[in-house]
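What follows is one structure encoded as structure tokens, with my remarks underneath.
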Amino acid sequence: MYKIFFRLVFKRLDPEQAHHLAFRWIRLAARVPVLRTFLAAALAPRHKELRTEALGLRMHGPFGLAAGFDKNAVGIDGMAMLGFDHVEIGTVTGEPQPGNPKQRLFRLVEDRALINRMGFNNDGSLRVAARLASRTPVFKPVVGVNIGKTKVVPEEEAVADYVKSAERLAPYADYLVVNVSSPNTPGLRNLQATEALRPLLSAVREAADRTVSARRVPLLVKIAPDLADEDVDAVADLAVELGLDGIIATNTTIAREGLGLKSDPTLVKETGGLSGAPLKERSLEVLRRLYARVGDRITLVGVGGIENAEDAWQRILAGATLVQGYSAFIYEGPFWGRSIHKGLAARLATSPYATLADAVGADVRKTA
């Protein structure tokens with residue numbers, strides 16, 4: 001039924017307009033007590049065998065919402081109601097910013113993909129922190145906070161900008177993510193180079209520890225699929241060296257060639273980050289490479305091209321303790337989370353592994 005609705009309604013709307021409309025409906029539903037209870041029961045049934053411990057946190061399952069959908073922490077309960085075990089909000093920048101000029105979001109329906117050049121449009125870390133501080137949760141998913149660089153801040157001042165956001169947001173984050181991999185902020189990806197990344201991650205770690213003394217706020221870094229293999233290795237080694245808690249692999253890609261894209265060439269040529277099904281192969285390659293390098297020493301989060309339970313299962317076998325999605329939600333609709341959980345539980349039941357934790361990285365270990 002959702003696919004018919006998508007074809008008749010959402011597909012006819014500007015993608016960003018459709019996003020805001022759908023998100024508004026989700027938030028409204030989450031505010032109605034009886035309705036949200038019914039929807040959570042239907043869309044987010046619990047599977048005990050999928051319970052997951054990661055980053056020192058307990059979750060109902062491994063499946064979460066990637067950053068980008070809820071940029072301003074306005075719909076956490078709604079997304080939990082739809083079955084996401086953790087919700088990563090953001091990307092949040094030190095200062096509020098409108099993002100890039102519209103139109104900045106494009107659907108590649110034939111490829112089950114999106115291209116975005118949103119440009120970190122968000123309310124800024126001060127307002128988002130206030131919103132998180134005043135939140136009275138109905139549902140209690142793990143909440144990650146993804147932080148990035150304010151566009152007008154020069155690259156040489158990036159560390160201070162990230163530190164400002166970390167100090168404001170760390171008290172309300174179950175985990176923090178340093179985003180240095182969006183292609184839509186000039187110069188941002190330069191921060192993935194280890195000589196720039198080391199001082200940045202060290203400063204954010206110190207800021208989080210200084211601001212929140214009662215607990216350790218896990219810190220992760222999100223990397224691009226476009227990194228060369230040797231750069232992926234370098235980030236992995238740096239993460240271990242710094243005692244980082246995790247790596248999220250991967251963000252969107254600027255690549256277009258070799259992905260077998262079937263959509264209108266005019267759309268394909270739009271600048272911005274490509275997400276969705278075409279990213280699946282490279283994202284999985286990066287994840288496998290990371291796990292082969294770091295093993296169980298840090299938590300890996302698989303994201304990029306996850307459409308169904310089989311995709312999620314393959315990420316777990318490749319080394320991901322947690323998996324995230326976003327683009328496929330646009331095409332699959334509100335029953336997507338339910339389908340992922342049901343499929344993962346079925347695959348675990350027929351696998352040789354007693355728990356999901358046993359399955360993490362199993363395919364990589366076999367070939368080691």
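Chain labels follow the order of the structure tokens: the first chain is A, the next B, and so on; residue numbering restarts at 1 in every chain, and ligands are counted from 1 in their shown order.
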
Residues within 12 Å of range 151-160 of chain A, please, as a compact mmCIF listing (two decimals) with N, CA, C and O atoms, in the first residue's frame. Count only C-alpha atoms; anything in the same chain fewer than 4 positions from it doesn't count.
# COMPACT_ATOMS: atom_id res chain seq x y z
N VAL A 92 24.63 18.45 13.25
CA VAL A 92 24.47 19.72 13.94
C VAL A 92 25.79 20.47 13.87
O VAL A 92 26.86 19.90 14.09
N THR A 93 25.71 21.76 13.55
CA THR A 93 26.92 22.59 13.46
C THR A 93 26.98 23.57 14.62
O THR A 93 25.98 23.80 15.31
N GLY A 94 28.14 24.17 14.80
CA GLY A 94 28.32 25.11 15.91
C GLY A 94 27.34 26.27 15.86
O GLY A 94 26.81 26.70 16.89
N GLU A 95 27.10 26.77 14.66
CA GLU A 95 26.17 27.87 14.46
C GLU A 95 25.02 27.43 13.56
O GLU A 95 25.20 26.56 12.72
N PRO A 96 23.84 28.04 13.72
CA PRO A 96 22.73 27.70 12.82
C PRO A 96 23.05 28.11 11.39
O PRO A 96 23.77 29.10 11.17
N GLN A 97 22.56 27.35 10.43
CA GLN A 97 22.78 27.71 9.04
C GLN A 97 21.65 27.16 8.17
O GLN A 97 21.09 26.11 8.48
N PRO A 98 21.33 27.88 7.09
CA PRO A 98 20.20 27.47 6.26
C PRO A 98 20.51 26.34 5.29
O PRO A 98 19.61 25.75 4.71
N GLY A 99 21.79 26.06 5.10
CA GLY A 99 22.16 25.06 4.11
C GLY A 99 22.26 25.66 2.72
O GLY A 99 22.21 26.89 2.54
N ASN A 100 22.40 24.81 1.74
CA ASN A 100 22.58 25.26 0.37
C ASN A 100 21.25 25.68 -0.26
O ASN A 100 20.18 25.30 0.22
N MET A 118 22.40 19.13 0.79
CA MET A 118 21.68 19.94 1.78
C MET A 118 22.58 21.00 2.41
O MET A 118 22.16 22.12 2.66
N GLY A 119 23.82 20.62 2.71
CA GLY A 119 24.74 21.61 3.27
C GLY A 119 24.58 21.83 4.76
O GLY A 119 24.77 22.95 5.25
N PHE A 120 24.26 20.75 5.50
CA PHE A 120 24.16 20.85 6.97
C PHE A 120 23.17 21.94 7.40
O PHE A 120 23.47 22.78 8.27
N ASN A 121 21.99 21.98 6.79
CA ASN A 121 20.95 22.91 7.26
C ASN A 121 20.47 22.45 8.63
O ASN A 121 20.01 21.32 8.79
N ASN A 122 20.59 23.31 9.64
CA ASN A 122 20.19 22.92 10.99
C ASN A 122 20.09 24.15 11.88
O ASN A 122 20.52 25.24 11.51
N GLY A 124 21.59 24.76 14.69
CA GLY A 124 22.78 25.09 15.47
C GLY A 124 22.82 24.38 16.81
O GLY A 124 21.79 24.01 17.38
N ILE A 147 27.94 15.68 14.78
CA ILE A 147 28.34 17.09 14.70
C ILE A 147 29.27 17.33 13.50
O ILE A 147 30.05 16.46 13.13
N LYS A 164 33.05 23.42 20.35
CA LYS A 164 31.88 24.17 20.83
C LYS A 164 30.62 23.32 20.78
O LYS A 164 29.85 23.27 21.76
N SER A 165 30.42 22.62 19.68
CA SER A 165 29.24 21.74 19.57
C SER A 165 29.32 20.58 20.55
O SER A 165 28.32 20.21 21.17
N ALA A 166 30.51 20.01 20.70
CA ALA A 166 30.66 18.89 21.62
C ALA A 166 30.35 19.30 23.05
O ALA A 166 29.67 18.57 23.80
N GLU A 167 30.83 20.47 23.46
CA GLU A 167 30.57 20.94 24.83
C GLU A 167 29.08 21.16 25.06
O GLU A 167 28.57 20.88 26.15
N VAL A 178 31.72 12.52 15.07
CA VAL A 178 32.39 13.58 14.34
C VAL A 178 32.25 13.28 12.86
O VAL A 178 32.78 12.28 12.36
N ASN A 179 31.53 14.14 12.17
CA ASN A 179 31.29 13.98 10.74
C ASN A 179 32.32 14.80 9.97
O ASN A 179 32.28 16.02 10.00
N VAL A 180 33.22 14.11 9.29
CA VAL A 180 34.22 14.79 8.45
C VAL A 180 34.10 14.30 7.01
O VAL A 180 35.05 14.40 6.23
N SER A 182 30.95 14.51 4.87
CA SER A 182 29.93 15.03 3.95
C SER A 182 30.62 15.75 2.80
O SER A 182 31.56 16.52 3.01
N PRO A 183 30.15 15.54 1.57
CA PRO A 183 30.76 16.24 0.44
C PRO A 183 30.19 17.64 0.22
O PRO A 183 30.59 18.32 -0.73
N ASN A 184 29.27 18.08 1.08
CA ASN A 184 28.52 19.30 0.80
C ASN A 184 28.96 20.53 1.59
O ASN A 184 28.33 21.57 1.52
N THR A 185 30.03 20.38 2.38
CA THR A 185 30.64 21.53 3.07
C THR A 185 32.06 21.66 2.56
O THR A 185 32.86 20.74 2.73
N PRO A 186 32.38 22.77 1.90
CA PRO A 186 33.72 22.92 1.30
C PRO A 186 34.83 22.67 2.31
O PRO A 186 34.83 23.20 3.41
N GLY A 187 35.78 21.82 1.91
CA GLY A 187 36.95 21.55 2.74
C GLY A 187 36.75 20.53 3.83
O GLY A 187 37.72 20.11 4.47
N LEU A 188 35.50 20.10 4.06
CA LEU A 188 35.25 19.21 5.19
C LEU A 188 36.01 17.89 5.06
O LEU A 188 36.61 17.40 6.02
N ARG A 189 35.98 17.30 3.88
CA ARG A 189 36.61 15.99 3.71
C ARG A 189 38.13 16.04 3.87
O ARG A 189 38.75 14.98 4.07
N ASN A 190 38.71 17.23 3.79
CA ASN A 190 40.15 17.35 4.05
C ASN A 190 40.48 16.95 5.48
O ASN A 190 41.61 16.56 5.77
N LEU A 191 39.49 17.04 6.37
CA LEU A 191 39.71 16.71 7.78
C LEU A 191 39.82 15.21 8.01
O LEU A 191 40.15 14.78 9.12
N ALA A 196 45.11 15.92 10.12
CA ALA A 196 44.07 16.85 10.56
C ALA A 196 43.10 16.18 11.52
O ALA A 196 42.56 16.82 12.44
N LEU A 197 42.87 14.89 11.31
CA LEU A 197 41.88 14.17 12.11
C LEU A 197 42.34 13.93 13.54
O LEU A 197 41.54 13.99 14.48
N ARG A 198 43.63 13.67 13.71
CA ARG A 198 44.15 13.39 15.06
C ARG A 198 43.87 14.53 16.05
O ARG A 198 43.28 14.29 17.11
N PRO A 199 44.28 15.76 15.76
CA PRO A 199 43.99 16.84 16.72
C PRO A 199 42.50 17.11 16.88
O PRO A 199 42.05 17.50 17.98
N LEU A 200 41.73 16.92 15.82
CA LEU A 200 40.30 17.16 15.90
C LEU A 200 39.63 16.16 16.85
O LEU A 200 38.90 16.56 17.77
N LEU A 201 39.89 14.88 16.65
CA LEU A 201 39.27 13.87 17.50
C LEU A 201 39.77 13.98 18.94
O LEU A 201 38.99 13.80 19.89
N SER A 202 41.04 14.29 19.12
CA SER A 202 41.58 14.45 20.48
C SER A 202 40.90 15.60 21.20
O SER A 202 40.54 15.49 22.39
N ALA A 203 40.68 16.71 20.49
CA ALA A 203 40.06 17.87 21.11
C ALA A 203 38.60 17.61 21.46
O ALA A 203 38.11 18.03 22.52
N VAL A 204 37.88 16.91 20.57
CA VAL A 204 36.48 16.60 20.85
C VAL A 204 36.37 15.61 22.01
O VAL A 204 35.50 15.75 22.88
N ARG A 205 37.30 14.65 22.06
CA ARG A 205 37.32 13.71 23.19
C ARG A 205 37.53 14.45 24.50
O ARG A 205 36.83 14.19 25.50
N GLU A 206 38.48 15.36 24.53
CA GLU A 206 38.75 16.13 25.74
C GLU A 206 37.56 17.00 26.12
O GLU A 206 37.22 17.13 27.32
N ALA A 207 36.91 17.58 25.14
CA ALA A 207 35.74 18.43 25.42
C ALA A 207 34.60 17.62 26.02
O ALA A 207 33.94 18.06 26.97

Would you list, as a list in words, the residues of range 117-267 of chain A that end up in strand (DSSP E) under DSSP run on this structure's backbone? Val142, Val143, Gly144, Val145, Asn146, Ile147, Gly148, Tyr175, Leu176, Val177, Val178, Asn179, Leu219, Leu220, Val221, Lys222, Ile223, Gly246, Ile247, Ile248 and Ala249 of chain A

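Residues lying within 10 Å of range 358-365 of chain A, counting only C-alpha atoms and ignoring same-chain neighbours fewer than 4 positions away, are Leu287, Arg288, Arg289, Tyr291, Ala292, Gly295, Asp296, Leu300, Trp313, Gln314, Arg315, Ile316, Leu317, Ala318, Gly319, Ala320, Thr321, Leu322, Leu348, Ser351, Pro352, Tyr353 and Ala354 of chain A.
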
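Near Ile26 in chain A, within 8 Å and counting only C-alpha atoms, sit Gly75, Gly78 and Met79 of chain A; same-chain residues fewer than 6 positions away were not included.
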
Secondary structure check, alpha helix (DSSP H) residues of range 61-144 of chain A, as a PyMOL selection string: chain A and resi 76-81+125-133

Take the residues that were just selected and, keeping C-alpha atoms, output them as a PDB file, in the first residue's frame.
ATOM      1  CA  ILE A  76      13.132  11.154  18.087  1.00  0.00           C
ATOM      2  CA  ASP A  77      10.013   9.554  19.591  1.00  0.00           C
ATOM      3  CA  GLY A  78       8.386   9.295  16.184  1.00  0.00           C
ATOM      4  CA  MET A  79      11.329   7.463  14.683  1.00  0.00           C
ATOM      5  CA  ALA A  80      11.534   5.112  17.663  1.00  0.00           C
ATOM      6  CA  MET A  81       7.818   4.442  17.192  1.00  0.00           C
ATOM      7  CA  SER A 125      24.188  23.340  18.509  1.00  0.00           C
ATOM      8  CA  LEU A 126      22.838  25.808  21.079  1.00  0.00           C
ATOM      9  CA  ARG A 127      19.197  25.389  20.052  1.00  0.00           C
ATOM     10  CA  VAL A 128      19.469  21.649  19.489  1.00  0.00           C
ATOM     11  CA  ALA A 129      21.070  21.220  22.923  1.00  0.00           C
ATOM     12  CA  ALA A 130      18.212  23.163  24.509  1.00  0.00           C
ATOM     13  CA  ARG A 131      15.707  20.977  22.695  1.00  0.00           C
ATOM     14  CA  LEU A 132      17.377  17.796  23.900  1.00  0.00           C
ATOM     15  CA  ALA A 133      17.594  19.172  27.448  1.00  0.00           C
TER      16      ALA A 133
END
